[in-house]
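K.L.:
Structure below; questions to follow.
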Amino acid sequence: MIATEISGEGFSIERACKVLNLSRSVYYYKAVKDDSAVIDKLNELSETYPTRGFDWYYGYFRNEGLGWNRKRVLRIYRKMNLKLRRRRKKRLLTRPKQPLIEAKALNDTWSMDFVSDALSTGRRVRVLNIIDDSTREILAAHAIIQFVLKK
């Protein structure tokens with residue numbers, strides 16, 4: 001600092017700060033960045049969930065109630081070299097569109113579909129329907145009841 005050089009010449013720090021138009025608190029201020037808590041938490045999460053990225057970690061901190069600034073966490077995340085890139089979805093090749101096959105005769109083409117509903121007790125009921133396309137007649141209906149365990 002300039003004030004130190006001037007104070008060696010016989011001026012006081014107070015006088016030097018007045019000349020430079022600085023507050024004495026600015027002269028004595030030492031920046032304290034203690035990111036050890038964030039680093040420990042990021043290390044812990046990166047060991048348990050190595051495939052998750054920054055957004056997931058930051059959301060986890062927010063859900064836990066830790067009020068760390070997003071920019072601060074991102075700075076430390078990058079400094080720790082945890083830069084996990086987002087995976088892009090692979091595009092499926094577009095297949096040529098073809099008109100639907102019309103059913104001309106009985107039992108020519110069939111369609112199947114699941115229909116589901118929930119009972120008041122919480123059980124899920126799913127029914128597999130097999131339908132003849134020409135007559136719209138249901139050929140088979142198989143019911144599947146799923147049990148849902150409530151915690």
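Starting from 1 in every chain, residues are counted up; chains themselves are A, B, ... following the order of the structure tokens, and ligands are numbered from 1 as listed.
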When DSSP works through the backbone of this structure, what residues of segment 24-102 of chain A end up as alpha helix (DSSP H), shown as a compact mmCIF listing (two decimals) with N, CA, C and O atoms, in the first residue's frame?

P.N.:
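Below is the file that was written, selection15.txt:
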# COMPACT_ATOMS: atom_id res chain seq x y z
N ARG A 24 -9.56 4.83 7.00
CA ARG A 24 -8.56 3.97 7.63
C ARG A 24 -9.02 2.51 7.69
O ARG A 24 -8.21 1.60 7.65
N SER A 25 -10.32 2.30 7.73
CA SER A 25 -10.83 0.92 7.75
C SER A 25 -10.53 0.21 6.44
O SER A 25 -10.31 -1.00 6.42
N VAL A 26 -10.48 0.96 5.33
CA VAL A 26 -10.11 0.36 4.05
C VAL A 26 -8.64 -0.06 4.09
O VAL A 26 -8.27 -1.11 3.57
N TYR A 27 -7.81 0.72 4.70
CA TYR A 27 -6.39 0.39 4.79
C TYR A 27 -6.15 -0.89 5.60
O TYR A 27 -5.35 -1.74 5.23
N TYR A 28 -6.88 -1.03 6.71
CA TYR A 28 -6.68 -2.18 7.58
C TYR A 28 -7.51 -3.40 7.19
O TYR A 28 -7.35 -4.47 7.78
N SER A 36 -14.69 -23.11 3.39
CA SER A 36 -14.46 -24.51 3.79
C SER A 36 -15.77 -25.28 3.95
O SER A 36 -15.83 -26.46 3.62
N ALA A 37 -16.81 -24.62 4.45
CA ALA A 37 -18.09 -25.32 4.62
C ALA A 37 -18.67 -25.72 3.28
O ALA A 37 -19.18 -26.85 3.10
N VAL A 38 -18.59 -24.82 2.30
CA VAL A 38 -19.12 -25.12 0.96
C VAL A 38 -18.28 -26.22 0.31
O VAL A 38 -18.83 -27.14 -0.31
N ILE A 39 -16.97 -26.15 0.47
CA ILE A 39 -16.08 -27.15 -0.12
C ILE A 39 -16.34 -28.53 0.48
O ILE A 39 -16.44 -29.53 -0.24
N ASP A 40 -16.51 -28.58 1.81
CA ASP A 40 -16.80 -29.87 2.46
C ASP A 40 -18.11 -30.46 1.96
O ASP A 40 -18.20 -31.65 1.67
N LYS A 41 -19.13 -29.61 1.85
CA LYS A 41 -20.44 -30.10 1.41
C LYS A 41 -20.39 -30.56 -0.04
O LYS A 41 -20.99 -31.59 -0.39
N LEU A 42 -19.68 -29.81 -0.90
CA LEU A 42 -19.56 -30.22 -2.30
C LEU A 42 -18.77 -31.52 -2.44
O LEU A 42 -19.12 -32.37 -3.26
N ASN A 43 -17.72 -31.68 -1.63
CA ASN A 43 -16.97 -32.94 -1.66
C ASN A 43 -17.84 -34.11 -1.25
O ASN A 43 -17.81 -35.17 -1.88
N GLU A 44 -18.61 -33.90 -0.20
CA GLU A 44 -19.50 -34.96 0.29
C GLU A 44 -20.53 -35.35 -0.77
O GLU A 44 -20.75 -36.54 -1.03
N LEU A 45 -21.14 -34.35 -1.41
CA LEU A 45 -22.15 -34.64 -2.43
C LEU A 45 -21.54 -35.25 -3.68
O LEU A 45 -22.14 -36.14 -4.30
N SER A 46 -20.35 -34.78 -4.07
CA SER A 46 -19.74 -35.31 -5.29
C SER A 46 -19.29 -36.76 -5.10
O SER A 46 -19.19 -37.50 -6.07
N GLU A 47 -18.98 -37.16 -3.87
CA GLU A 47 -18.63 -38.57 -3.63
C GLU A 47 -19.87 -39.45 -3.64
O GLU A 47 -19.85 -40.56 -4.14
N THR A 48 -20.96 -38.94 -3.06
CA THR A 48 -22.19 -39.75 -3.00
C THR A 48 -22.94 -39.76 -4.33
O THR A 48 -23.47 -40.79 -4.72
N PHE A 54 -24.00 -29.33 -11.29
CA PHE A 54 -24.06 -28.17 -10.41
C PHE A 54 -25.49 -27.82 -10.02
O PHE A 54 -25.77 -27.52 -8.86
N ASP A 55 -26.40 -27.83 -10.99
CA ASP A 55 -27.78 -27.43 -10.70
C ASP A 55 -28.40 -28.33 -9.64
O ASP A 55 -29.13 -27.87 -8.76
N TRP A 56 -28.10 -29.62 -9.70
CA TRP A 56 -28.65 -30.54 -8.72
C TRP A 56 -28.05 -30.27 -7.35
O TRP A 56 -28.76 -30.25 -6.34
N TYR A 57 -26.73 -30.05 -7.28
CA TYR A 57 -26.07 -29.77 -6.01
C TYR A 57 -26.62 -28.48 -5.39
O TYR A 57 -26.90 -28.43 -4.19
N TYR A 58 -26.75 -27.45 -6.20
CA TYR A 58 -27.23 -26.17 -5.69
C TYR A 58 -28.68 -26.29 -5.21
O TYR A 58 -29.04 -25.75 -4.16
N GLY A 59 -29.50 -27.03 -5.95
CA GLY A 59 -30.88 -27.27 -5.51
C GLY A 59 -30.92 -28.04 -4.20
O GLY A 59 -31.76 -27.79 -3.34
N TYR A 60 -29.99 -28.98 -4.04
CA TYR A 60 -29.91 -29.75 -2.80
C TYR A 60 -29.58 -28.83 -1.63
O TYR A 60 -30.16 -28.95 -0.55
N PHE A 61 -28.64 -27.90 -1.83
CA PHE A 61 -28.29 -26.93 -0.78
C PHE A 61 -29.49 -26.07 -0.41
O PHE A 61 -29.74 -25.80 0.76
N ARG A 62 -30.23 -25.63 -1.41
CA ARG A 62 -31.41 -24.79 -1.16
C ARG A 62 -32.48 -25.56 -0.40
O ARG A 62 -33.12 -25.03 0.50
N ASN A 63 -32.68 -26.84 -0.76
CA ASN A 63 -33.68 -27.65 -0.06
C ASN A 63 -33.29 -27.91 1.39
O ASN A 63 -34.15 -28.08 2.24
N GLU A 64 -31.99 -27.95 1.65
CA GLU A 64 -31.52 -28.13 3.03
C GLU A 64 -31.61 -26.85 3.83
O GLU A 64 -31.45 -26.87 5.04
N ARG A 70 -25.61 -18.37 -5.19
CA ARG A 70 -25.41 -19.24 -6.36
C ARG A 70 -24.05 -18.99 -7.01
O ARG A 70 -23.34 -19.93 -7.39
N LYS A 71 -23.68 -17.71 -7.14
CA LYS A 71 -22.40 -17.39 -7.78
C LYS A 71 -21.22 -17.90 -6.95
O LYS A 71 -20.21 -18.35 -7.50
N ARG A 72 -21.36 -17.85 -5.63
CA ARG A 72 -20.30 -18.33 -4.75
C ARG A 72 -20.14 -19.84 -4.90
O ARG A 72 -19.01 -20.35 -5.05
N VAL A 73 -21.26 -20.57 -4.88
CA VAL A 73 -21.20 -22.03 -5.00
C VAL A 73 -20.66 -22.41 -6.38
O VAL A 73 -19.84 -23.33 -6.50
N LEU A 74 -21.07 -21.68 -7.43
CA LEU A 74 -20.58 -21.99 -8.77
C LEU A 74 -19.09 -21.72 -8.90
O LEU A 74 -18.36 -22.49 -9.51
N ARG A 75 -18.59 -20.64 -8.28
CA ARG A 75 -17.16 -20.33 -8.30
C ARG A 75 -16.35 -21.45 -7.65
O ARG A 75 -15.35 -21.93 -8.19
N ILE A 76 -16.83 -21.91 -6.49
CA ILE A 76 -16.12 -22.98 -5.78
C ILE A 76 -16.22 -24.30 -6.54
O ILE A 76 -15.26 -25.06 -6.63
N TYR A 77 -17.39 -24.56 -7.13
CA TYR A 77 -17.62 -25.78 -7.92
C TYR A 77 -16.63 -25.85 -9.08
O TYR A 77 -16.03 -26.88 -9.33
N ARG A 78 -16.43 -24.71 -9.75
CA ARG A 78 -15.50 -24.68 -10.88
C ARG A 78 -14.05 -24.76 -10.41
O ARG A 78 -13.20 -25.37 -11.06
N LYS A 79 -13.76 -24.13 -9.27
CA LYS A 79 -12.40 -24.16 -8.74
C LYS A 79 -12.01 -25.58 -8.32
O LYS A 79 -10.85 -25.97 -8.41

K.L.:
Using only C-alpha atoms, which residues sit within 12 Å of Ala105 of chain A once same-chain residues fewer than 6 positions away are excluded, as a ChimeraX atom specification?

P.N.:
/A:132-136

K.L.:
Rank A:Gly67, A:Gly53, A:Gly10, A:Gly122 by their smallest atom-to-atom distance to Asn81 of chain A, using only C-alpha atoms, and report the top residue only.

P.N.:
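Using only C-alpha atoms, the shortest distance to Asn81 of chain A belongs to A:Gly53.
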
K.L.:
Got a sec: who's within 9 Å of Ala141 of chain A, counting only C-alpha atoms, leaving out chain neighbours fewer than 5 positions off, as a list in words?

P.N.:
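My list of contacting residues is Val127, Leu128, Asn129, Ile130 and Ile131 of chain A.
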
K.L.:
Take the selection from the previous step and output its residues with N, CA, C and O atoms, as a compact mmCIF listing (two decimals), in the first residue's frame.

P.N.:
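Dumped everything to out14.txt:
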# COMPACT_ATOMS: atom_id res chain seq x y z
N VAL A 127 -56.34 -51.83 -17.11
CA VAL A 127 -56.99 -52.81 -17.96
C VAL A 127 -56.33 -52.77 -19.33
O VAL A 127 -56.20 -51.70 -19.94
N LEU A 128 -55.91 -53.93 -19.83
CA LEU A 128 -55.37 -54.06 -21.17
C LEU A 128 -56.51 -54.44 -22.09
O LEU A 128 -57.12 -55.50 -21.95
N ASN A 129 -56.82 -53.55 -23.04
CA ASN A 129 -57.90 -53.80 -23.99
C ASN A 129 -57.30 -54.14 -25.34
O ASN A 129 -56.43 -53.44 -25.84
N ILE A 130 -57.81 -55.22 -25.95
CA ILE A 130 -57.43 -55.59 -27.31
C ILE A 130 -58.68 -55.41 -28.17
O ILE A 130 -59.72 -56.02 -27.91
N ILE A 131 -58.56 -54.55 -29.18
CA ILE A 131 -59.74 -54.13 -29.96
C ILE A 131 -59.53 -54.48 -31.43
O ILE A 131 -58.44 -54.29 -31.98

K.L.:
Can you list, as a list of chain:residue names, every residue of segment 76-149 of chain A that DSSP puts in strand (DSSP E or B)?

P.N.:
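Filtering segment 76-149 of chain A to strand (DSSP E or B) leaves A:Trp110, A:Ser111, A:Met112, A:Asp113, A:Phe114, A:Val115, A:Ser116, A:Asp117, A:Ala118, A:Arg124, A:Val125, A:Arg126, A:Val127, A:Leu128, A:Asn129, A:Ile130, A:Ile131, A:Asp132, A:Ile138, A:Leu139, A:Ala140, A:Ala141, A:His142, A:Ala143, A:Ile144, A:Ile145, A:Gln146.
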
K.L.:
Just checking: using only C-alpha atoms, which residue out of A:Leu106, A:Leu20, A:Val125, A:Val115 ends up closest to Glu137 of chain A?

P.N.:
A:Leu106
